[in-house]
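To start, the structure under review is shown below, and the notes come after it.
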Amino acid sequence: MNRSEAWALSKLSYAELVYRPLLSTGLPIKYAGTKKSVHQALTGATLNKVIFAMFTMGGAVFPFLIYKLAIEAISLSVTTALSIILGFGYLVLYSVQVLPTFVTSGSFGPLAALPLEPRERSLVALMTLWRTLDYILVLSLATEFATVAYFTGSLAAASLVFVVSLSSSVLAVALAIRLIALFQNRLENTSTRGGKGLASIRGYFRPLLFVLWGLGVMSAVFLFSVISALAPPLNLVLTHPDTPLGVAASLIFPFSAGLLVSNFLGFGIGDLSLVLAGGGVCLVIFGAAAVSWGVPRVLDRIVVEPARRSQTGWARGADQYFFRVRGRLSAYVRKDLRVASRNPATGFLFALPLFEILAVVIPVTATSVVRVSALIVGSQVGGSFALFTAFLLVTVEDLGVERRTALPIAASVRTLSKVLVSTLTYLPVPIALSAILLFIKPPTFGGGIFIPVAAVATVFAACVIEVTVLNTLADWGRGTAVRFIAGVGSGELIMVIPSFAFTVEYVATHDRTGALLVLLGVSAVECLFSTLVLRTLRARGSNPRGEGLA
Amino acid sequence: MTPSPLVEARDLVKEYGQVRALDGLNLRVNPGDVYGLLGPNGAGKTTTLRILSGLEVPTSGSARVAGFDPATQGVEVKRRIGYVAESAILYESLTPREYFEFVASTRQLNHDAVAYASSLAQAFDAEGASYDVPIGALSLGTKQKVAVIAALMHRPPLLLLDEPLNGLDAKSSKILKELMLIHVERKGAVIFSTHIMEVAESVCTRIGIINDGRLFAEGTMGELRSLSGTSGGSSLEDVFLKLTNEERFVEETLERLRSEGT
Ligand SMILES: Nc1ncnc2c1ncn2[C@@H]1O[C@H](COP(=O)(O)OP(=O)(O)OP(=O)(O)O)[C@@H](O)[C@H]1O
Ligand SMILES: [Mg+2]
């Protein structure tokens with residue numbers, strides 16, 4: 001088999017990869033029953049990729065904008081490093097989300113049945129991987145190059161960043177594949193190891209995944225506050241190559257690349273730093289080259305030959321088969337939590353509260369007194385996490401089990417479950433903020449303590465609206481990217497309204513208490529509105545079209 | 001007096017884009033019936049069962065299942081049926097125990113029913129050692145057993161089983177067939193699709209043959225035999241092929257294949 005044949009085959013497996021999950025959701029497909037529906041699915045997948053590519057492009061440009069506009073005191077080396085890190089984080093985020101379908105959809109099954117050499121199969125799998133990431137990689141690398149060239153005017157710097165970004169992209173994809181393979185292996189080994197496999201994921205694998213996801217989420221949601229919090233210490237470290245921390249930082253690839261870029265532009269960085277940075281960049285390039293050899297093999301193992309183990313049963317008494325019956329909603333919530341915690345794309349949800357607290361607490365404590373605006377922004381940031389959680393929970397449900405098994409579950413239960421889990425992930429924010437206000441730093445305005453608490457109601461309402469929008473769009477057969485934007489967007493809108501009302505009232509009257517009352521009132525109205533939406537869902541619960549709603 | 005039917009479908013039409021999966025299907029199933037749906041691949045058996053279980057809305061026509069309209073009262077219908085899908089659709093990351101817990105809680109089973117479900121699981125020995133292993137790692141037949149147990153555990157009046165014996169071993173097939181018979185003795189009804197003629201012949205009280213989205217022959221084994229004009233001893237397979245006009249096709253094709261092979 002030559003390369004062009006492999007390329008043609010990979011087109012088949014890619015189409016399969018895109019189309020199968022769509023079929024399995026049981027959602028209405030446009031042009032169902034014709035070949036056009038496959039075409040439609042491929043177009044949708046391309047749109048998804050382009051939209052995601054825009055995120056990565058934004059991530060590449062954003063630090064440079066901050067640098068150029070001098071919004072924060074941030075050095076060029078840190079700017080470059082952040083830009084590369086964001087690209088890395090987004091790519092891991094995307095791959096961990098998308099690539100599991102490589103494993104679970106069985107799209108490579110037909111390929112495994114063909115008389116192909118293992119090397120040929122790996123080649124096809126690799127080319128399929130490329131087709132899955134093509135726009136994202138091309139657009140983000142081009143943007144990285146163009147951004148550095150534009151903001152620094154140095155072609156050498158741009159080329160260097162390009163090579164480093166390319167290497168880091170390879171590493172990001174490899175890391176994602178590794179993570180998925182780990183999950184996959186665990187899932188399969190459980191049968192031979194007597195049910196311990198999933199537990200050990202919790203042990204050593206989860207924390208790593210959390211960090212990665214945290215990176216991605218942080219970059220997406222509160223880039224700005226992180227930059228302002230991280231930039232000064234990073235600047236300090238990078239300009240002191242004589243400290244152990246400085247040596248380590250100069251060797252790590254995004255920072256070493258940043259240092260080299262500064263050096264190209266005539267910011268002297270000292271001989272030691274230069275050598276270390278050069279070493280760091282070489283290290284990552286060699287690392288990526290080495291890893292790219294291994295990727296096809298890992299891919300092949302997790303994709304083409306998913307092991308299947310047979311079970312040998314042994315006789316047990318009926319009481320061994322016993323299980324508990326719980327309340328409808330609580331059983332549903334447990335199911336959501338279990339499914340989410342075992343999926344590589346959502347496992348991080350359980351570490352979200354930690355990141356939230358960091359994200360909220362760092363900016364709030366950065367100033368000497370806690371201003372009302374900081375409380376509002378903190379609540380908003382925390383709420384964005386909740387919206388993101390809801391989105392992921394719904395996306396996991398897209399596997400469509402409920403649309404295809406005839407279980408009597410009302411749409412309101414499905415929605416409420418996702419909303420409750422998401423709202424729960426928000427709770428640490430008001431708790432952390434209240435603790436700060438009560439024990440560490442008094443607010444400039446005593447009533448400020450109510451702001452994060454009232455936000456619980458708003459977050460609840462925002463999640464209800466978001467999940468409803470997400471499911472309605474899914475029923476209409478819209479793609480993931482469109483759902484993400486419309487769903488999370490409408491949730492954000494609900495969340496901003498109370499703060500907006502507060503601001504308007506305060507600007508008009510300069511009366512904080514009045515403005516706070518307005519904020520509380522608006523939050524209450526939103527909460528009421530969302531319960532009305534839930535009631536409508538319950539009424540619609542008996543309609544199969546409506547039931548798609550959760 | 002005829003008993004009020006558990007299932008009644010009138011002029012069901014289902015279109016997927018340009019494909020007409022059902023083309024005016026009529027169906028009536030009474031308590032006490034084991035109704036076998038037979039038909040060539042793509043005839044519309046799965047589509048029929050999905051519409052009856054409220055998972056799909058017909059393009060036109062109407063259905064009543066246990067007194068409810070599956071198109072508008074899906075949840076009510078789903079309370080009263082047990083549905084086994086064509087290919088087992090389960091949460092692959094849950095273990096069978098966790099999945100049963102989820103299903104039983106959704107249906108709010110009482111203690112007796114849970115005991116029954118546990119006995120079912122034991123009867124099928126669905127999992128043996130794999131009761132606490134993610135469903136994704138189970139074998140095809142074991143997954144099918146999980147789906148079957150989940151559909152039977154609440155002892156619904158109506159069972160809609162889409163090729164339920166798929167992948168089941170001999171022992172489990174036997175148990176499931178017997179369970180179907182016990183079920184109708186208690187005035188329940190079963191509609192199940194299958195391609196295994198011997199099974200249909202041995203357990204069905206009535207058989208419906210679907211082709212191109214229409215029900216075009218229906219009755220007991222004896223009625224179908226006389227309808228097709230085949231002799232008394234002929235098997236359901238012969239009757240089926242005769243009725244679907246595929247007898248000649250099969251003979252001619254085999255003749256050609258035989259001569260091409262030499
Ligand atoms: N989601 C869908 N989109 C487009 N066409 C569909 C869809 N589902 C079913 N069909 C078409 O509807 C027709 C009937 O399919 P159905 O699955 O009901 O057949 P079946 O009798 O169950 O066949 P089999 O014996 O192979 O299971 C087929 O032509 C099929 O291609
Ligand atoms: Mg079928």
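Please note that chains go A, B, ... in the order of the structure tokens, that every chain numbers its residues from 1, and that ligands are numbered from 1 in the order shown.
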
Please extract the residues at most 10 Å from ligand 2, counting only C-alpha atoms and all ligand atoms, and provide them as a ChimeraX atom specification, using the chain letters and residue numbers of this document.
/B:38-50,85-87,162-163,193-195

Any chance you could export the current selection's N, CA, C and O atoms as a PDB file, in the first residue's frame?
```pdb
ATOM      1  N   LEU B  38     -41.595 -10.882  11.623  1.00  0.00           N
ATOM      2  CA  LEU B  38     -40.589 -11.407  10.703  1.00  0.00           C
ATOM      3  C   LEU B  38     -40.541 -10.514   9.475  1.00  0.00           C
ATOM      4  O   LEU B  38     -41.495  -9.815   9.167  1.00  0.00           O
ATOM      5  N   GLY B  39     -39.438 -10.574   8.785  1.00  0.00           N
ATOM      6  CA  GLY B  39     -39.338  -9.799   7.553  1.00  0.00           C
ATOM      7  C   GLY B  39     -37.904  -9.695   7.122  1.00  0.00           C
ATOM      8  O   GLY B  39     -37.003  -9.822   7.957  1.00  0.00           O
ATOM      9  N   PRO B  40     -37.672  -9.475   5.834  1.00  0.00           N
ATOM     10  CA  PRO B  40     -36.304  -9.356   5.334  1.00  0.00           C
ATOM     11  C   PRO B  40     -35.582  -8.176   5.973  1.00  0.00           C
ATOM     12  O   PRO B  40     -36.221  -7.317   6.581  1.00  0.00           O
ATOM     13  N   ASN B  41     -34.286  -8.107   5.822  1.00  0.00           N
ATOM     14  CA  ASN B  41     -33.506  -6.968   6.336  1.00  0.00           C
ATOM     15  C   ASN B  41     -34.043  -5.671   5.746  1.00  0.00           C
ATOM     16  O   ASN B  41     -34.322  -5.582   4.562  1.00  0.00           O
ATOM     17  N   GLY B  42     -34.183  -4.682   6.603  1.00  0.00           N
ATOM     18  CA  GLY B  42     -34.637  -3.372   6.127  1.00  0.00           C
ATOM     19  C   GLY B  42     -36.134  -3.305   5.903  1.00  0.00           C
ATOM     20  O   GLY B  42     -36.641  -2.350   5.331  1.00  0.00           O
ATOM     21  N   ALA B  43     -36.874  -4.316   6.392  1.00  0.00           N
ATOM     22  CA  ALA B  43     -38.323  -4.337   6.154  1.00  0.00           C
ATOM     23  C   ALA B  43     -39.050  -3.306   7.012  1.00  0.00           C
ATOM     24  O   ALA B  43     -40.122  -2.832   6.642  1.00  0.00           O
ATOM     25  N   GLY B  44     -38.479  -2.957   8.156  1.00  0.00           N
ATOM     26  CA  GLY B  44     -39.115  -1.965   9.021  1.00  0.00           C
ATOM     27  C   GLY B  44     -39.464  -2.497  10.408  1.00  0.00           C
ATOM     28  O   GLY B  44     -40.220  -1.865  11.142  1.00  0.00           O
ATOM     29  N   LYS B  45     -38.899  -3.617  10.791  1.00  0.00           N
ATOM     30  CA  LYS B  45     -39.218  -4.200  12.101  1.00  0.00           C
ATOM     31  C   LYS B  45     -38.714  -3.297  13.228  1.00  0.00           C
ATOM     32  O   LYS B  45     -39.464  -2.958  14.143  1.00  0.00           O
ATOM     33  N   THR B  46     -37.431  -2.919  13.147  1.00  0.00           N
ATOM     34  CA  THR B  46     -36.859  -2.068  14.187  1.00  0.00           C
ATOM     35  C   THR B  46     -37.603  -0.740  14.261  1.00  0.00           C
ATOM     36  O   THR B  46     -37.924  -0.248  15.354  1.00  0.00           O
ATOM     37  N   THR B  47     -37.904  -0.174  13.110  1.00  0.00           N
ATOM     38  CA  THR B  47     -38.615   1.101  13.081  1.00  0.00           C
ATOM     39  C   THR B  47     -39.962   0.980  13.791  1.00  0.00           C
ATOM     40  O   THR B  47     -40.339   1.849  14.583  1.00  0.00           O
ATOM     41  N   THR B  48     -40.679  -0.113  13.527  1.00  0.00           N
ATOM     42  CA  THR B  48     -41.969  -0.328  14.184  1.00  0.00           C
ATOM     43  C   THR B  48     -41.816  -0.362  15.705  1.00  0.00           C
ATOM     44  O   THR B  48     -42.527   0.338  16.432  1.00  0.00           O
ATOM     45  N   LEU B  49     -40.846  -1.146  16.174  1.00  0.00           N
ATOM     46  CA  LEU B  49     -40.669  -1.281  17.626  1.00  0.00           C
ATOM     47  C   LEU B  49     -40.241   0.040  18.253  1.00  0.00           C
ATOM     48  O   LEU B  49     -40.647   0.372  19.370  1.00  0.00           O
ATOM     49  N   ARG B  50     -39.432   0.802  17.534  1.00  0.00           N
ATOM     50  CA  ARG B  50     -38.994   2.094  18.085  1.00  0.00           C
ATOM     51  C   ARG B  50     -40.156   3.080  18.185  1.00  0.00           C
ATOM     52  O   ARG B  50     -40.236   3.864  19.128  1.00  0.00           O
ATOM     53  N   ALA B  85     -33.213  -2.995  22.695  1.00  0.00           N
ATOM     54  CA  ALA B  85     -32.880  -2.434  21.393  1.00  0.00           C
ATOM     55  C   ALA B  85     -32.095  -3.449  20.568  1.00  0.00           C
ATOM     56  O   ALA B  85     -31.557  -4.422  21.082  1.00  0.00           O
ATOM     57  N   GLU B  86     -32.047  -3.162  19.285  1.00  0.00           N
ATOM     58  CA  GLU B  86     -31.401  -4.064  18.324  1.00  0.00           C
ATOM     59  C   GLU B  86     -29.958  -4.358  18.718  1.00  0.00           C
ATOM     60  O   GLU B  86     -29.527  -5.502  18.774  1.00  0.00           O
ATOM     61  N   SER B  87     -29.197  -3.281  18.954  1.00  0.00           N
ATOM     62  CA  SER B  87     -27.859  -3.500  19.518  1.00  0.00           C
ATOM     63  C   SER B  87     -27.876  -2.858  20.898  1.00  0.00           C
ATOM     64  O   SER B  87     -28.318  -1.728  21.049  1.00  0.00           O
ATOM     65  N   ASP B 162     -36.277  -6.464  20.293  1.00  0.00           N
ATOM     66  CA  ASP B 162     -35.755  -6.401  18.930  1.00  0.00           C
ATOM     67  C   ASP B 162     -34.588  -7.381  18.799  1.00  0.00           C
ATOM     68  O   ASP B 162     -33.490  -7.102  19.263  1.00  0.00           O
ATOM     69  N   GLU B 163     -34.840  -8.491  18.188  1.00  0.00           N
ATOM     70  CA  GLU B 163     -33.848  -9.564  18.062  1.00  0.00           C
ATOM     71  C   GLU B 163     -33.154  -9.835  19.400  1.00  0.00           C
ATOM     72  O   GLU B 163     -31.942  -9.716  19.522  1.00  0.00           O
ATOM     73  N   SER B 193     -38.951  -9.236  17.307  1.00  0.00           N
ATOM     74  CA  SER B 193     -38.512  -9.460  15.938  1.00  0.00           C
ATOM     75  C   SER B 193     -37.398 -10.481  15.970  1.00  0.00           C
ATOM     76  O   SER B 193     -36.627 -10.544  16.935  1.00  0.00           O
ATOM     77  N   THR B 194     -37.338 -11.271  14.946  1.00  0.00           N
ATOM     78  CA  THR B 194     -36.268 -12.264  14.882  1.00  0.00           C
ATOM     79  C   THR B 194     -36.062 -12.730  13.450  1.00  0.00           C
ATOM     80  O   THR B 194     -36.937 -12.553  12.592  1.00  0.00           O
ATOM     81  N   HIS B 195     -34.897 -13.264  13.211  1.00  0.00           N
ATOM     82  CA  HIS B 195     -34.637 -13.904  11.925  1.00  0.00           C
ATOM     83  C   HIS B 195     -34.526 -15.406  12.104  1.00  0.00           C
ATOM     84  O   HIS B 195     -34.285 -16.121  11.141  1.00  0.00           O
TER      85      HIS B 195
END
```

Hey, what's within 7 Å of Ser256 of chain A if we count only C-alpha atoms and toss same-chain stuff fewer than 3 positions away? As number ranges by chain, please?
A: 250-253, 259-260, 277-278, 280-281

Save out the residues we just selected, all heavy atoms, as an mmCIF file, in the first residue's frame.
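Saved result, out19.cif, follows:
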```cif
data_model
loop_
_atom_site.group_PDB
_atom_site.id
_atom_site.type_symbol
_atom_site.label_atom_id
_atom_site.label_comp_id
_atom_site.auth_asym_id
_atom_site.auth_seq_id
_atom_site.Cartn_x
_atom_site.Cartn_y
_atom_site.Cartn_z
ATOM 1 N N SER A 250 14.352 28.337 32.659
ATOM 2 C CA SER A 250 14.957 28.592 31.346
ATOM 3 C C SER A 250 15.041 27.317 30.522
ATOM 4 O O SER A 250 15.121 27.360 29.306
ATOM 5 C CB SER A 250 16.361 29.161 31.471
ATOM 6 O OG SER A 250 16.546 29.818 32.676
ATOM 7 N N LEU A 251 15.029 26.181 31.196
ATOM 8 C CA LEU A 251 15.121 24.921 30.455
ATOM 9 C C LEU A 251 13.756 24.443 29.945
ATOM 10 O O LEU A 251 13.678 23.654 29.027
ATOM 11 C CB LEU A 251 15.716 23.839 31.359
ATOM 12 C CG LEU A 251 17.221 23.595 31.206
ATOM 13 C CD1 LEU A 251 17.693 22.600 32.237
ATOM 14 C CD2 LEU A 251 17.569 23.124 29.802
ATOM 15 N N ILE A 252 12.691 24.922 30.571
ATOM 16 C CA ILE A 252 11.358 24.447 30.168
ATOM 17 C C ILE A 252 10.960 25.144 28.873
ATOM 18 O O ILE A 252 11.133 26.364 28.740
ATOM 19 C CB ILE A 252 10.338 24.717 31.277
ATOM 20 C CG1 ILE A 252 10.736 23.932 32.528
ATOM 21 C CG2 ILE A 252 8.939 24.317 30.851
ATOM 22 C CD1 ILE A 252 9.924 24.307 33.742
ATOM 23 N N PHE A 253 10.390 24.372 27.945
ATOM 24 C CA PHE A 253 10.361 24.869 26.575
ATOM 25 C C PHE A 253 9.625 26.173 26.314
ATOM 26 O O PHE A 253 10.146 26.996 25.578
ATOM 27 C CB PHE A 253 9.897 23.771 25.612
ATOM 28 C CG PHE A 253 8.415 23.581 25.556
ATOM 29 C CD1 PHE A 253 7.667 24.250 24.592
ATOM 30 C CD2 PHE A 253 7.769 22.738 26.431
ATOM 31 C CE1 PHE A 253 6.303 24.070 24.528
ATOM 32 C CE2 PHE A 253 6.407 22.562 26.364
ATOM 33 C CZ PHE A 253 5.669 23.232 25.416
ATOM 34 N N LEU A 259 12.680 33.276 26.124
ATOM 35 C CA LEU A 259 13.977 33.914 26.368
ATOM 36 C C LEU A 259 14.735 34.134 25.066
ATOM 37 O O LEU A 259 15.311 35.200 24.831
ATOM 38 C CB LEU A 259 14.809 33.048 27.318
ATOM 39 C CG LEU A 259 14.379 33.082 28.781
ATOM 40 C CD1 LEU A 259 15.158 32.063 29.586
ATOM 41 C CD2 LEU A 259 14.572 34.481 29.356
ATOM 42 N N LEU A 260 14.713 33.101 24.197
ATOM 43 C CA LEU A 260 15.431 33.234 22.939
ATOM 44 C C LEU A 260 14.835 34.343 22.084
ATOM 45 O O LEU A 260 15.563 35.118 21.453
ATOM 46 C CB LEU A 260 15.415 31.910 22.172
ATOM 47 C CG LEU A 260 16.332 30.819 22.731
ATOM 48 C CD1 LEU A 260 16.323 29.600 21.832
ATOM 49 C CD2 LEU A 260 17.755 31.347 22.869
ATOM 50 N N ALA A 277 18.470 28.237 27.598
ATOM 51 C CA ALA A 277 17.300 28.370 26.740
ATOM 52 C C ALA A 277 17.498 27.605 25.441
ATOM 53 O O ALA A 277 16.602 26.887 24.976
ATOM 54 C CB ALA A 277 17.021 29.839 26.458
ATOM 55 N N GLY A 278 18.695 27.739 24.864
ATOM 56 C CA GLY A 278 18.986 26.997 23.632
ATOM 57 C C GLY A 278 18.825 25.506 23.882
ATOM 58 O O GLY A 278 18.193 24.793 23.097
ATOM 59 N N GLY A 280 16.995 24.090 26.153
ATOM 60 C CA GLY A 280 15.576 23.793 26.353
ATOM 61 C C GLY A 280 14.842 23.635 25.035
ATOM 62 O O GLY A 280 14.056 22.700 24.859
ATOM 63 N N VAL A 281 15.126 24.545 24.103
ATOM 64 C CA VAL A 281 14.447 24.485 22.811
ATOM 65 C C VAL A 281 14.851 23.221 22.057
ATOM 66 O O VAL A 281 13.997 22.516 21.487
ATOM 67 C CB VAL A 281 14.748 25.754 21.984
ATOM 68 C CG1 VAL A 281 14.364 25.544 20.538
ATOM 69 C CG2 VAL A 281 13.988 26.931 22.563
#
```

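Of note, atom CA of Thr444 of chain A and atom CA of Cys527 of chain A are spaced 27.6 Å apart.
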
Straight-line distance linking atom CA of Glu237 of chain B with atom CA of Glu218 of chain B, stated in Å to one decimal
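These two atoms are separated by 14.8 Å.
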
When you look at segment 288-296 of chain A with a cut-off of 9 Å (counting only C-alpha atoms), what residues show up, excluding the ones that are within fewer than 2 positions of it in the same chain? I need them as a PDB file with N, CA, C and O atoms, in the first residue's frame.
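Dumped to part.pdb:
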```
ATOM      1  N   ARG A 119       2.035  -1.887  10.042  1.00  0.00           N
ATOM      2  CA  ARG A 119       2.583  -0.565   9.711  1.00  0.00           C
ATOM      3  C   ARG A 119       1.633   0.214   8.828  1.00  0.00           C
ATOM      4  O   ARG A 119       1.512   1.435   8.945  1.00  0.00           O
ATOM      5  N   SER A 122      -1.150   1.541  10.949  1.00  0.00           N
ATOM      6  CA  SER A 122      -0.705   2.693  11.729  1.00  0.00           C
ATOM      7  C   SER A 122      -0.678   3.938  10.870  1.00  0.00           C
ATOM      8  O   SER A 122      -1.062   5.019  11.313  1.00  0.00           O
ATOM      9  N   LEU A 123      -0.227   3.767   9.642  1.00  0.00           N
ATOM     10  CA  LEU A 123      -0.150   4.913   8.738  1.00  0.00           C
ATOM     11  C   LEU A 123      -1.552   5.490   8.526  1.00  0.00           C
ATOM     12  O   LEU A 123      -1.762   6.705   8.610  1.00  0.00           O
ATOM     13  N   ALA A 125      -4.138   5.162  10.475  1.00  0.00           N
ATOM     14  CA  ALA A 125      -4.615   5.762  11.731  1.00  0.00           C
ATOM     15  C   ALA A 125      -3.998   7.141  11.924  1.00  0.00           C
ATOM     16  O   ALA A 125      -4.665   8.095  12.317  1.00  0.00           O
ATOM     17  N   LEU A 126      -2.709   7.250  11.601  1.00  0.00           N
ATOM     18  CA  LEU A 126      -2.016   8.523  11.768  1.00  0.00           C
ATOM     19  C   LEU A 126      -2.595   9.582  10.831  1.00  0.00           C
ATOM     20  O   LEU A 126      -2.794  10.732  11.214  1.00  0.00           O
ATOM     21  N   LEU A 166       5.307  23.939  16.761  1.00  0.00           N
ATOM     22  CA  LEU A 166       5.087  22.679  16.054  1.00  0.00           C
ATOM     23  C   LEU A 166       5.434  21.511  16.972  1.00  0.00           C
ATOM     24  O   LEU A 166       4.653  20.567  17.139  1.00  0.00           O
ATOM     25  N   SER A 167       6.602  21.613  17.607  1.00  0.00           N
ATOM     26  CA  SER A 167       7.022  20.531  18.502  1.00  0.00           C
ATOM     27  C   SER A 167       6.045  20.387  19.664  1.00  0.00           C
ATOM     28  O   SER A 167       5.675  19.274  20.045  1.00  0.00           O
ATOM     29  N   SER A 168       5.624  21.528  20.209  1.00  0.00           N
ATOM     30  CA  SER A 168       4.742  21.431  21.368  1.00  0.00           C
ATOM     31  C   SER A 168       3.384  20.880  20.959  1.00  0.00           C
ATOM     32  O   SER A 168       2.720  20.206  21.738  1.00  0.00           O
ATOM     33  N   SER A 169       2.968  21.135  19.702  1.00  0.00           N
ATOM     34  CA  SER A 169       1.708  20.557  19.235  1.00  0.00           C
ATOM     35  C   SER A 169       1.814  19.041  19.176  1.00  0.00           C
ATOM     36  O   SER A 169       0.892  18.321  19.588  1.00  0.00           O
ATOM     37  N   VAL A 170       2.943  18.561  18.648  1.00  0.00           N
ATOM     38  CA  VAL A 170       3.142  17.107  18.593  1.00  0.00           C
ATOM     39  C   VAL A 170       3.073  16.528  19.998  1.00  0.00           C
ATOM     40  O   VAL A 170       2.394  15.524  20.250  1.00  0.00           O
ATOM     41  N   LEU A 171       3.752  17.211  20.930  1.00  0.00           N
ATOM     42  CA  LEU A 171       3.750  16.722  22.305  1.00  0.00           C
ATOM     43  C   LEU A 171       2.346  16.745  22.906  1.00  0.00           C
ATOM     44  O   LEU A 171       1.945  15.833  23.620  1.00  0.00           O
ATOM     45  N   VAL A 173      -0.576  16.483  21.356  1.00  0.00           N
ATOM     46  CA  VAL A 173      -1.403  15.404  20.820  1.00  0.00           C
ATOM     47  C   VAL A 173      -0.960  14.069  21.415  1.00  0.00           C
ATOM     48  O   VAL A 173      -1.785  13.233  21.811  1.00  0.00           O
ATOM     49  N   ALA A 174       0.366  13.890  21.505  1.00  0.00           N
ATOM     50  CA  ALA A 174       0.880  12.642  22.059  1.00  0.00           C
ATOM     51  C   ALA A 174       0.413  12.460  23.501  1.00  0.00           C
ATOM     52  O   ALA A 174      -0.007  11.374  23.896  1.00  0.00           O
ATOM     53  N   ILE A 177      -3.193  11.447  23.551  1.00  0.00           N
ATOM     54  CA  ILE A 177      -3.354  10.040  23.162  1.00  0.00           C
ATOM     55  C   ILE A 177      -2.947   9.122  24.304  1.00  0.00           C
ATOM     56  O   ILE A 177      -3.593   8.120  24.600  1.00  0.00           O
ATOM     57  N   ARG A 178      -1.854   9.491  24.948  1.00  0.00           N
ATOM     58  CA  ARG A 178      -1.373   8.714  26.094  1.00  0.00           C
ATOM     59  C   ARG A 178      -2.449   8.621  27.181  1.00  0.00           C
ATOM     60  O   ARG A 178      -2.732   7.574  27.727  1.00  0.00           O
ATOM     61  N   LEU A 283      15.864  20.483  23.311  1.00  0.00           N
ATOM     62  CA  LEU A 283      15.260  19.355  24.022  1.00  0.00           C
ATOM     63  C   LEU A 283      13.844  19.091  23.539  1.00  0.00           C
ATOM     64  O   LEU A 283      13.465  17.944  23.247  1.00  0.00           O
ATOM     65  N   VAL A 284      13.072  20.158  23.417  1.00  0.00           N
ATOM     66  CA  VAL A 284      11.675  19.958  23.048  1.00  0.00           C
ATOM     67  C   VAL A 284      11.564  19.510  21.597  1.00  0.00           C
ATOM     68  O   VAL A 284      10.734  18.667  21.258  1.00  0.00           O
ATOM     69  N   ILE A 285      12.454  20.029  20.732  1.00  0.00           N
ATOM     70  CA  ILE A 285      12.388  19.610  19.329  1.00  0.00           C
ATOM     71  C   ILE A 285      12.740  18.129  19.203  1.00  0.00           C
ATOM     72  O   ILE A 285      12.038  17.357  18.536  1.00  0.00           O
ATOM     73  N   PHE A 286      13.820  17.737  19.900  1.00  0.00           N
ATOM     74  CA  PHE A 286      14.195  16.316  19.859  1.00  0.00           C
ATOM     75  C   PHE A 286      13.101  15.460  20.480  1.00  0.00           C
ATOM     76  O   PHE A 286      12.761  14.389  19.975  1.00  0.00           O
ATOM     77  N   VAL A 298       1.232   3.787  19.624  1.00  0.00           N
ATOM     78  CA  VAL A 298       0.221   3.897  20.680  1.00  0.00           C
ATOM     79  C   VAL A 298      -1.166   3.953  20.053  1.00  0.00           C
ATOM     80  O   VAL A 298      -2.108   3.277  20.476  1.00  0.00           O
ATOM     81  N   LEU A 299      -1.261   4.757  19.009  1.00  0.00           N
ATOM     82  CA  LEU A 299      -2.530   4.937  18.303  1.00  0.00           C
ATOM     83  C   LEU A 299      -3.040   3.595  17.816  1.00  0.00           C
ATOM     84  O   LEU A 299      -4.203   3.244  17.980  1.00  0.00           O
ATOM     85  N   ASP A 300      -2.118   2.844  17.235  1.00  0.00           N
ATOM     86  CA  ASP A 300      -2.483   1.557  16.679  1.00  0.00           C
ATOM     87  C   ASP A 300      -3.021   0.647  17.771  1.00  0.00           C
ATOM     88  O   ASP A 300      -4.004  -0.061  17.591  1.00  0.00           O
ATOM     89  N   ARG A 301      -2.348   0.684  18.911  1.00  0.00           N
ATOM     90  CA  ARG A 301      -2.749  -0.228  19.958  1.00  0.00           C
ATOM     91  C   ARG A 301      -4.126   0.121  20.523  1.00  0.00           C
ATOM     92  O   ARG A 301      -4.957  -0.752  20.740  1.00  0.00           O
TER      93      ARG A 301
END
```

Name the residues in contact with Lys68 of chain A at a cut-off of 12 Å, using only C-alpha atoms, excluding same-chain residues fewer than 3 positions from it; report them as a ChimeraX atom specification.
/A:61-65,71-76,79,147-148,150-152

For chain B, the closest of A:Ala41, A:Val78, A:Leu337, A:Val507 counting only C-alpha atoms is A:Leu337

Within 8 Å of Gly59 of chain A using only C-alpha atoms, minus same-chain residues under 4 positions, as a list in words:
Phe55, Pro63, Ser83, Leu86, Gly87 and Ser219 of chain A

Measuring between only C-alpha atoms, which one of A:Arg326, A:Arg414, A:Arg538, A:Arg334 shows the shortest distance to chain B?
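For chain B, the nearest of the candidates is A:Arg326.
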
Find the residues near Val203 of chain B: any atom within 8 Å, counting only C-alpha atoms, skip ones fewer than 5 places away on the same chain, and give them as a PyMOL selection string.
chain B and resi 34+177+181

Between A:Pro118, A:Gly447, A:Gly279, A:Gly521, which one has atoms that come closest to Ala248 of chain A, using only C-alpha atoms?
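The closest residue to Ala248 of chain A is A:Gly279.
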
As a VMD selection string, please: the residues near Ala386 of chain A (cut-off 7 Å, only C-alpha atoms, same-chain neighbours under 6 positions excluded).
chain A and resid 422 to 423 425 to 426

Backbone-only DSSP, helix (DSSP H, G or I) members of segment 55-227 of chain B, as a VMD selection string:
chain B and resid 74 to 79 96 to 106 111 to 124 128 to 132 135 to 137 140 to 152 170 to 185 197 to 203 221 to 227
